[in-house]
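Report on the structure given below.
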Protein chains: 4
Amino acid sequence: MDDVITALTKGIAVYETLRTYNGKPFALKEHYERLKKSLSYLKIEPPAFEDFEKLVYENLSERMRIVYVYSKSLLEYVFQEDTEEFKVEYVKVDITTVRRADPWSIPPDLKSLGRPDIYLARLTKGDNYDVIMLGTKGQVCEGTFSNVFLIKNGKFITPSLESGILDGITRMYVIRFLKESGYEVEERFVEPAELFYADEVFLTHTSRGIVPVNQIGTLKTKSVELSSKLSKAFEEYVKCLL
Amino acid sequence: MDDVITALTKGIAVYETLRTYNGKPFALKEHYERLKKSLSYLKIEPPAFEDFEKLVYENLSERMRIVYVYSKSLLEYVFQEDTEEFKVEYVKVDITTVRRADPWSIPPDLKSLGRPDIYLARLTKGDNYDVIMLGTKGQVCEGTFSNVFLIKNGKFITPSLESGILDGITRMYVIRFLKESGYEVEERFVEPAELFYADEVFLTHTSRGIVPVNQIGTLKTKSVELSSKLSKAFEEYVKCLL
Amino acid sequence: MDDVITALTKGIAVYETLRTYNGKPFALKEHYERLKKSLSYLKIEPPAFEDFEKLVYENLSERMRIVYVYSKSLLEYVFQEDTEEFKVEYVKVDITTVRRADPWSIPPDLKSLGRPDIYLARLTKGDNYDVIMLGTKGQVCEGTFSNVFLIKNGKFITPSLESGILDGITRMYVIRFLKESGYEVEERFVEPAELFYADEVFLTHTSRGIVPVNQIGTLKTKSVELSSKLSKAFEEYVKCLL
Amino acid sequence: MDDVITALTKGIAVYETLRTYNGKPFALKEHYERLKKSLSYLKIEPPAFEDFEKLVYENLSERMRIVYVYSKSLLEYVFQEDTEEFKVEYVKVDITTVRRADPWSIPPDLKSLGRPDIYLARLTKGDNYDVIMLGTKGQVCEGTFSNVFLIKNGKFITPSLESGILDGITRMYVIRFLKESGYEVEERFVEPAELFYADEVFLTHTSRGIVPVNQIGTLKTKSVELSSKLSKAFEEYVKCLL
């Protein structure tokens with residue numbers, strides 16, 4: 001115990017959040033690869049995939065968070081996340097003034113606990129489902145736990161990785177799903193104004209898949225028509241992958 | 001214990017590092033004020049000064065680190081830092097490529113554990129005593145645990161607070177000490193090239209006071225004459241303040 | 001003539017745009033002071049105020065542009081600007097993706113010809129009256145020839161000078177006018193989203209005073225009620241100052 | 001004439017600087033392509049290559065500058081540059097505090113007259129041959145009229161195009177020359193400190209080819225051994241290409 005506390009206060013902890021469907025963890029390999037990437041920044045030897053897999057299966061829950069931190073040896077810690085039903089059909093978001101740390105300061109794909117920029121952004125959430133963070137140049141990045149998509153004239157737009165965002169696993173599956181469904185998806189720098197000009201906006205994250213947005217700040221004008229349909233379709237799409 | 005672990009993995013912990021001289025903690029009030037500032041960013045109610053003082057005196061050691069983290073209630077944790085003798089007369093530093101997070105991302109005076117920018121910078125230290133971090137515009141900021149001063153033509157120069165640095169308590173005492181000793185001190189934006197053009201460079205931090213620098217990267221040309229003298233004089237200056 | 005061409009191709013030209021009311025130039029002294037500031041960046045000796053004044057009166061027109069460029073001696077050149085009637089009651093603007101150059105690159109109050117950032121922004125104007133430029137951190141700066149104001153809950157907000165904007169003379173008079181009219185005016189960093197959340201938005205510039213905005217990009221929802229009233233009142237206010 | 005003045009004060013002029021060897025212009029096609037790029041940013045139709053070629057041959061001089069500016073039609077203007085002998089074997093440079101405008105503000109390959117950032121940097125030159133500009137993140141970019149190369153442990157390093165630099169034609173030929181000579185050339189982000197750690201530093205520009213640097217600011221420690229040899233060899237290399 002003391003070891004964990006020492007590690008957590010002296011070191012830096014990385015984590016992955018996983019979701020299971022009917023007792024099967026989703027995208028286990030991708031989560032493992034991302035964990036390896038996070039640990040590589042910290043120059044920490046990753047666990048073997050088999051050990052990671054074993055840890056997941058031994059602690060299986062619908063939504064789980066696995067934390068790794070190093071102190072003499074690699075310590076691991078598994079949390080069960082809340083699984084309250086996701087009843088809302090659409091959500092309200094806002095844009096926070098807290099900028100996402102620049103990639104020259106913190107690599108976007110270092111998924112660590114205690115990132116103050118993300119933590120401080122979360123403190124500005126109020127009654128919003130999530131708040132969208134801009135990058136150091138003012139470009140749209142992502143929510144504090146979600147990625148952002150826009151629909152404009154039937155085309156899908158989402159911030160590119162070079163915008164300084166985390167390579168979200170659900171984001172990647174949603175892009176694949178949209179392309180397989182015949183839609184055009186543009187990954188590029190996105191300006192905040194585009195969120196207001198978009199026909200629809202939605203978030204994506206591991207625990208909920210696609211989450212339609214009907215309101216940004218005080219502007220309630222967003223349609224959720226297409227994104228609501230896609231939200232249900234994506235749920236089926238993911239189940240078929242398992 | 002479990003509470004601390006939960007707090008450390010879900011929340012964000014802030015800390016102060018204190019030094020004692022002959023059993024008396026130095027700059028207790030200033031450290032308390034800075035702690036309050038850190039907690040205010042996290043919207044956490046600070047402890048009363050009396051409780052902070054009591055905690056320090058009950059855990060007194062030559063160099064101590066006090067950690068606070070919130071989970072239902074405010075949790076505290078005191079570490080004793082290593083006190084190995086400081087035998088070297090001067091040190092070697094380098095400039096890291098890891099940029100200090102911009103103030104729009106993380107307030108410079110939020111002194112929190114697990115800041116990935118500082119942690120990653122520390123990983124690039126090699127055989128250097130400390131590495132100097134630049135800000136998002138390339139301006140000189142500070143070391144990962146120290147502040148930086150230059151001497152050029154008898155004048156002292158140090159990055160201003162608006163450069164995006166922590167308001168170091170030792171830095172403040174050193175500026176006061178230099179001014180009282182009749183020196184001119186300039187607080188302003190400093191360019192990396194100035195480190196190489198300076199006559200002398202030194203670091204300041206709680207545990208060691210003034211630390212002369214005789215080498216930056218591969219350049220060994222620095223004098224340590226004046227800064228060595230000042231290092232000893234500052235030690236006496238501080239003791240007289242207690 | 002050849003001298004002017006050589007000067008314009010080798011050097012950098014600065015300018016001021018003046019407006020006259022009933023044959024009297026407005027804010028002559030302020031324009032002269034700003035001209036001096038521009039020339040100081042280029043290390044060019046300014047003309048005497050009397051010479052500047054004489055030049056203006058000898059070339060008086062309703063809207064005039066005075067250009068200075070140095071080549072061996074200080075050369076001057078006066079243009080008469082178009083004076084077509086300003087019939088529209090409100091205008092449409094958009095936010096351009098071209099960022100205003102950072103103050104560390106180009107001082108915001110160096111009013112020079114041929115600034116590529118402003119020129120390129122202007123090329124993105126389309127059917128908009130003006131386009132609003134953001135700064136290097138994504139903060140709202142100003143139009144390519146105007147300053148920006150927001151009204152939110154009866155309070156006026158405009159980007160502060162430290163946002164990296166030109167110290168607009170009309171902007172300064174509008175702030176003074178609003179304060180004298182009993183309104184609260186906040187000068188601070190403004191985020192692009194605030195333009196969409198505002199009750200009203202208006203531009204200010206020398207030639208037209210206050211210009212209400214009823215549409216930003218594709219969003220037509222803005223009221224122009226208060227800003228239209230203020231536009232007329234400001235016209236009277238200025239005339240009384242002469 | 002009046003047309004040129006109007007164009008120069010209302011529009012933005014682009015240019016190319018050419019060098020001739022024994023009456024033959026060097027890299028004519030490359031200069032034409034870059035000119036086209038510059039004009040494309042301004043949405044100006046470029047001249048035909050044949051017209052550009054003809055203009056060059058009709059105004060041939062050892063070092064020439066060709067300026068284009070648009071006002072109703074495309075206007076052109078040719079200057080003969082000074083051709084004083086290049087007697088110095090090596091030069092002194094410094095790093096200016098004026099940052100190169102960010103690519104989000106001004107495209108690095110828009111080669112226009114009257115760029116205030118470059119003009120202001122030039123004003124800080126003093127007795128230096130050229131001053132090196134850093135980018136908005138503090139990375140090394142280029143001189144006000146030259147590109148920068150470092151030699152470290154026998155390897156050549158130069159800022160990559162994504163550092164926000166002009167795609168210098170001489171820079172490109174030097175890279176090609178170095179690679180053909182069997183050297184390794186790394187194009188990447190370069191930190192200012194690396195200029196001080198390098199074994200040798202040299203500049204490249206159209207008029208002079210490779211120019212060895214023996215002093216940066218107050219530090220005179222640079223060797224010019226290899227760069228001096230390369231300077232002569234490159235001169236021969238270029239002549240063979242014609």
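We label chains A, B, ... in the order they appear in the structure tokens, count residues from 1 in each chain, and number ligands from 1 in the order shown.
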Fewer than 2 positions away in the same chain doesn't count, so skip those; otherwise give me all residues within 6 Å of Asp130 (chain C), counting only C-alpha atoms, as a PyMOL selection string. chain C and resi 93+128+143
Using only C-alpha atoms, which protein or nucleic acid residues come within 12 Å of Glu162 (chain D)? Drop anything in the same chain fewer than 6 positions from it, and give the result as a compact mmCIF listing (two decimals) with N, CA and C atoms, in the first residue's frame.
# COMPACT_ATOMS: atom_id res chain seq x y z
N ASP D 102 4.40 33.20 -37.41
CA ASP D 102 3.94 31.83 -37.47
C ASP D 102 3.32 31.51 -38.83
N PRO D 103 3.50 30.27 -39.32
CA PRO D 103 2.86 29.88 -40.60
C PRO D 103 1.34 30.08 -40.61
N TRP D 104 0.69 30.06 -39.44
CA TRP D 104 -0.76 30.32 -39.41
C TRP D 104 -1.06 31.80 -39.66
N PRO D 107 2.39 32.49 -44.54
CA PRO D 107 3.04 31.29 -45.06
C PRO D 107 4.54 31.54 -45.24
N PRO D 108 5.38 30.63 -44.78
CA PRO D 108 6.83 30.84 -44.86
C PRO D 108 7.32 31.01 -46.29
N ASP D 109 6.60 30.47 -47.26
CA ASP D 109 7.06 30.55 -48.64
C ASP D 109 6.33 31.65 -49.43
N GLY D 135 11.36 30.71 -34.38
CA GLY D 135 9.93 30.65 -34.67
C GLY D 135 9.10 30.92 -33.44
N GLN D 139 11.93 27.64 -31.83
CA GLN D 139 12.81 26.80 -32.65
C GLN D 139 13.62 27.67 -33.61
N VAL D 140 14.81 27.21 -33.97
CA VAL D 140 15.63 27.93 -34.95
C VAL D 140 14.94 27.89 -36.31
N CYS D 141 14.82 29.05 -36.94
CA CYS D 141 14.25 29.10 -38.28
C CYS D 141 15.34 29.40 -39.31
N GLU D 187 17.13 16.98 -41.46
CA GLU D 187 16.23 18.14 -41.46
C GLU D 187 15.23 17.92 -40.34
N ARG D 188 15.24 18.81 -39.35
CA ARG D 188 14.36 18.62 -38.18
C ARG D 188 14.26 19.92 -37.39
N PHE D 189 13.45 19.91 -36.32
CA PHE D 189 13.41 21.06 -35.42
C PHE D 189 14.77 21.19 -34.75
N VAL D 190 15.28 22.41 -34.68
CA VAL D 190 16.58 22.68 -34.07
C VAL D 190 16.38 23.69 -32.94
Exercise: Ile44 (chain B) partners within 12 Å, only C-alpha atoms, chain neighbours under 2 positions left out, as a VMD selection string: (chain A and resid 123) or (chain B and resid 11 to 14 35 to 42 46 to 47 68 to 75)
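Candidate residues D:Leu60, D:Ile66, D:Ile165, D:Ile157 were compared for distance to chain C, and the nearest is D:Ile66, using only C-alpha atoms.
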Applying 12 Å and only C-alpha atoms, which residues near Val78 (chain B) remain after dropping the ones on its own chain fewer than 4 positions away? List them as a list of chain:residue names.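 These residues fall inside the cut-off: A:Ile5, A:Thr6, A:Thr9, B:Val14, B:Tyr15, B:Glu16, B:Thr17, B:Leu18, B:Phe52, B:Leu55, B:Val56, B:Tyr57, B:Glu58, B:Asn59, B:Leu60, B:Ser61, B:Arg63, B:Met64, B:Arg65, B:Ile66, B:Val67, B:Tyr68, B:Val69.
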Residues of chain C within 10 Å of chain A, counting only C-alpha atoms, what are they? List them as a ChimeraX atom specification. /C:94-97,99,134-140,190-198,216-219
Residue set, region 117-189 of chain A restricted to strand (DSSP E), as a list in words: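 So the strand (DSSP E) residues in region 117-189 of chain A would be Asp130, Val131, Ile132, Met133, Leu134, Val140, Cys141, Glu142, Gly143, Asn147, Val148, Phe149, Leu150, Ile151, Lys152, Lys155, Phe156, Ile157, Thr158, Pro159, Val185, Glu186, Glu187 and Arg188 of chain A.
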Export N, CA and C atoms of the chosen residues as a PDB file, in the first residue's frame?
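File written: selection.pdb
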ATOM      1  N   ASP A 130     -19.678  17.376 -21.055  1.00  0.00           N
ATOM      2  CA  ASP A 130     -18.222  17.488 -21.149  1.00  0.00           C
ATOM      3  C   ASP A 130     -17.918  18.894 -21.667  1.00  0.00           C
ATOM      4  N   VAL A 131     -16.679  19.345 -21.506  1.00  0.00           N
ATOM      5  CA  VAL A 131     -16.261  20.615 -22.103  1.00  0.00           C
ATOM      6  C   VAL A 131     -15.165  20.334 -23.126  1.00  0.00           C
ATOM      7  N   ILE A 132     -15.213  21.081 -24.220  1.00  0.00           N
ATOM      8  CA  ILE A 132     -14.263  20.893 -25.310  1.00  0.00           C
ATOM      9  C   ILE A 132     -13.049  21.785 -25.054  1.00  0.00           C
ATOM     10  N   MET A 133     -11.869  21.205 -25.174  1.00  0.00           N
ATOM     11  CA  MET A 133     -10.630  21.947 -24.978  1.00  0.00           C
ATOM     12  C   MET A 133     -10.050  22.368 -26.330  1.00  0.00           C
ATOM     13  N   LEU A 134      -9.551  23.591 -26.382  1.00  0.00           N
ATOM     14  CA  LEU A 134      -8.830  24.058 -27.558  1.00  0.00           C
ATOM     15  C   LEU A 134      -7.341  23.826 -27.329  1.00  0.00           C
ATOM     16  N   VAL A 140      -9.658  23.414 -32.225  1.00  0.00           N
ATOM     17  CA  VAL A 140     -10.461  22.467 -31.460  1.00  0.00           C
ATOM     18  C   VAL A 140      -9.644  21.191 -31.252  1.00  0.00           C
ATOM     19  N   CYS A 141      -9.586  20.722 -29.999  1.00  0.00           N
ATOM     20  CA  CYS A 141      -8.905  19.458 -29.722  1.00  0.00           C
ATOM     21  C   CYS A 141      -9.920  18.364 -29.389  1.00  0.00           C
ATOM     22  N   GLU A 142     -10.366  18.334 -28.156  1.00  0.00           N
ATOM     23  CA  GLU A 142     -11.228  17.236 -27.726  1.00  0.00           C
ATOM     24  C   GLU A 142     -11.849  17.576 -26.382  1.00  0.00           C
ATOM     25  N   GLY A 143     -12.803  16.760 -25.942  1.00  0.00           N
ATOM     26  CA  GLY A 143     -13.363  16.915 -24.611  1.00  0.00           C
ATOM     27  C   GLY A 143     -12.384  16.398 -23.573  1.00  0.00           C
ATOM     28  N   ASN A 147     -13.906  12.538 -27.735  1.00  0.00           N
ATOM     29  CA  ASN A 147     -13.484  13.183 -28.978  1.00  0.00           C
ATOM     30  C   ASN A 147     -14.689  13.868 -29.606  1.00  0.00           C
ATOM     31  N   VAL A 148     -14.429  14.803 -30.512  1.00  0.00           N
ATOM     32  CA  VAL A 148     -15.484  15.639 -31.084  1.00  0.00           C
ATOM     33  C   VAL A 148     -15.609  15.409 -32.589  1.00  0.00           C
ATOM     34  N   PHE A 149     -16.841  15.313 -33.073  1.00  0.00           N
ATOM     35  CA  PHE A 149     -17.115  15.212 -34.504  1.00  0.00           C
ATOM     36  C   PHE A 149     -18.137  16.271 -34.897  1.00  0.00           C
ATOM     37  N   LEU A 150     -18.016  16.759 -36.132  1.00  0.00           N
ATOM     38  CA  LEU A 150     -18.982  17.697 -36.708  1.00  0.00           C
ATOM     39  C   LEU A 150     -19.602  17.071 -37.952  1.00  0.00           C
ATOM     40  N   ILE A 151     -20.859  17.416 -38.210  1.00  0.00           N
ATOM     41  CA  ILE A 151     -21.458  17.071 -39.511  1.00  0.00           C
ATOM     42  C   ILE A 151     -21.827  18.377 -40.194  1.00  0.00           C
ATOM     43  N   LYS A 152     -21.316  18.578 -41.399  1.00  0.00           N
ATOM     44  CA  LYS A 152     -21.627  19.793 -42.172  1.00  0.00           C
ATOM     45  C   LYS A 152     -21.890  19.372 -43.609  1.00  0.00           C
ATOM     46  N   LYS A 155     -21.070  15.834 -44.648  1.00  0.00           N
ATOM     47  CA  LYS A 155     -19.683  15.399 -44.501  1.00  0.00           C
ATOM     48  C   LYS A 155     -19.304  15.416 -43.019  1.00  0.00           C
ATOM     49  N   PHE A 156     -18.457  14.467 -42.603  1.00  0.00           N
ATOM     50  CA  PHE A 156     -18.027  14.406 -41.208  1.00  0.00           C
ATOM     51  C   PHE A 156     -16.627  15.005 -41.055  1.00  0.00           C
ATOM     52  N   ILE A 157     -16.463  15.782 -40.021  1.00  0.00           N
ATOM     53  CA  ILE A 157     -15.183  16.462 -39.768  1.00  0.00           C
ATOM     54  C   ILE A 157     -14.785  16.216 -38.323  1.00  0.00           C
ATOM     55  N   THR A 158     -13.525  15.892 -38.106  1.00  0.00           N
ATOM     56  CA  THR A 158     -13.034  15.700 -36.738  1.00  0.00           C
ATOM     57  C   THR A 158     -11.585  16.167 -36.668  1.00  0.00           C
ATOM     58  N   PRO A 159     -11.172  16.755 -35.527  1.00  0.00           N
ATOM     59  CA  PRO A 159      -9.782  17.212 -35.409  1.00  0.00           C
ATOM     60  C   PRO A 159      -8.792  16.098 -35.731  1.00  0.00           C
ATOM     61  N   VAL A 185     -15.127  11.331 -44.332  1.00  0.00           N
ATOM     62  CA  VAL A 185     -14.633  11.828 -43.038  1.00  0.00           C
ATOM     63  C   VAL A 185     -13.345  12.620 -43.252  1.00  0.00           C
ATOM     64  N   GLU A 186     -13.367  13.854 -42.794  1.00  0.00           N
ATOM     65  CA  GLU A 186     -12.209  14.735 -42.949  1.00  0.00           C
ATOM     66  C   GLU A 186     -11.507  14.881 -41.609  1.00  0.00           C
ATOM     67  N   GLU A 187     -10.240  14.533 -41.524  1.00  0.00           N
ATOM     68  CA  GLU A 187      -9.450  14.763 -40.306  1.00  0.00           C
ATOM     69  C   GLU A 187      -8.532  15.942 -40.581  1.00  0.00           C
ATOM     70  N   ARG A 188      -8.720  17.028 -39.834  1.00  0.00           N
ATOM     71  CA  ARG A 188      -7.944  18.255 -40.088  1.00  0.00           C
ATOM     72  C   ARG A 188      -8.052  19.212 -38.907  1.00  0.00           C
TER      73      ARG A 188
END
Have a look at CA of Asn153 (chain B) and CA of Lys179 (chain B) and let me know their distance in Å, one decimal. 15.8 Å
Need the shell around Val91 (chain A): protein/DNA/RNA residues with any atom at most 7 Å away, counting only C-alpha atoms. Skip same-chain ones fewer than 2 positions apart. Format as number ranges by chain? A: 93, 129, 212-215
For the atom pair CA of Ala233 (chain A) and CA of Val211 (chain A), what is the interatomic distance in Å to one decimal place? 12.1 Å
So which residues of region 19-63 of chain D fall under alpha helix (DSSP H) by DSSP, listed as a list in words?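 Taking region 19-63 of chain D and keeping alpha helix (DSSP H) gives Leu28, Lys29, Glu30, His31, Tyr32, Glu33, Arg34, Leu35, Lys36, Lys37, Ser38, Leu39, Ser40, Tyr41, Phe49, Glu50, Asp51, Phe52, Glu53, Lys54, Leu55, Val56, Tyr57 and Glu58 of chain D.
Picture a line from CA of Ser228 (chain D) to CA of Leu242 (chain D); it runs 22.5 Å.
Residues in contact range of Phe49 (chain C), defined as at most 9 Å between only C-alpha atoms, with sequence neighbours fewer than 4 positions away removed, read Lys29, Tyr32, Glu33, Glu53 and Lys54 of chain C.
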For the residues selected in the previous step, produce a file with C-alpha atoms as a short mmCIF file (atom, residue, chain, number, x, y, z; two decimals), in the first residue's frame.
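Written output follows (selection-v5.cif):
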data_model
loop_
_atom_site.label_atom_id
_atom_site.label_comp_id
_atom_site.auth_asym_id
_atom_site.auth_seq_id
_atom_site.Cartn_x
_atom_site.Cartn_y
_atom_site.Cartn_z
CA LYS C 29 -3.08 64.59 -32.30
CA TYR C 32 0.16 61.82 -34.99
CA GLU C 33 1.13 60.06 -31.76
CA GLU C 53 -0.83 68.99 -39.55
CA LYS C 54 0.11 71.08 -42.58
#
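Contact shell of Tyr237 (chain A) at 10 Å (only C-alpha atoms; same-chain neighbours under 6 positions omitted): Tyr173, Val174, Phe177, Leu230 and Ser231 of chain A.
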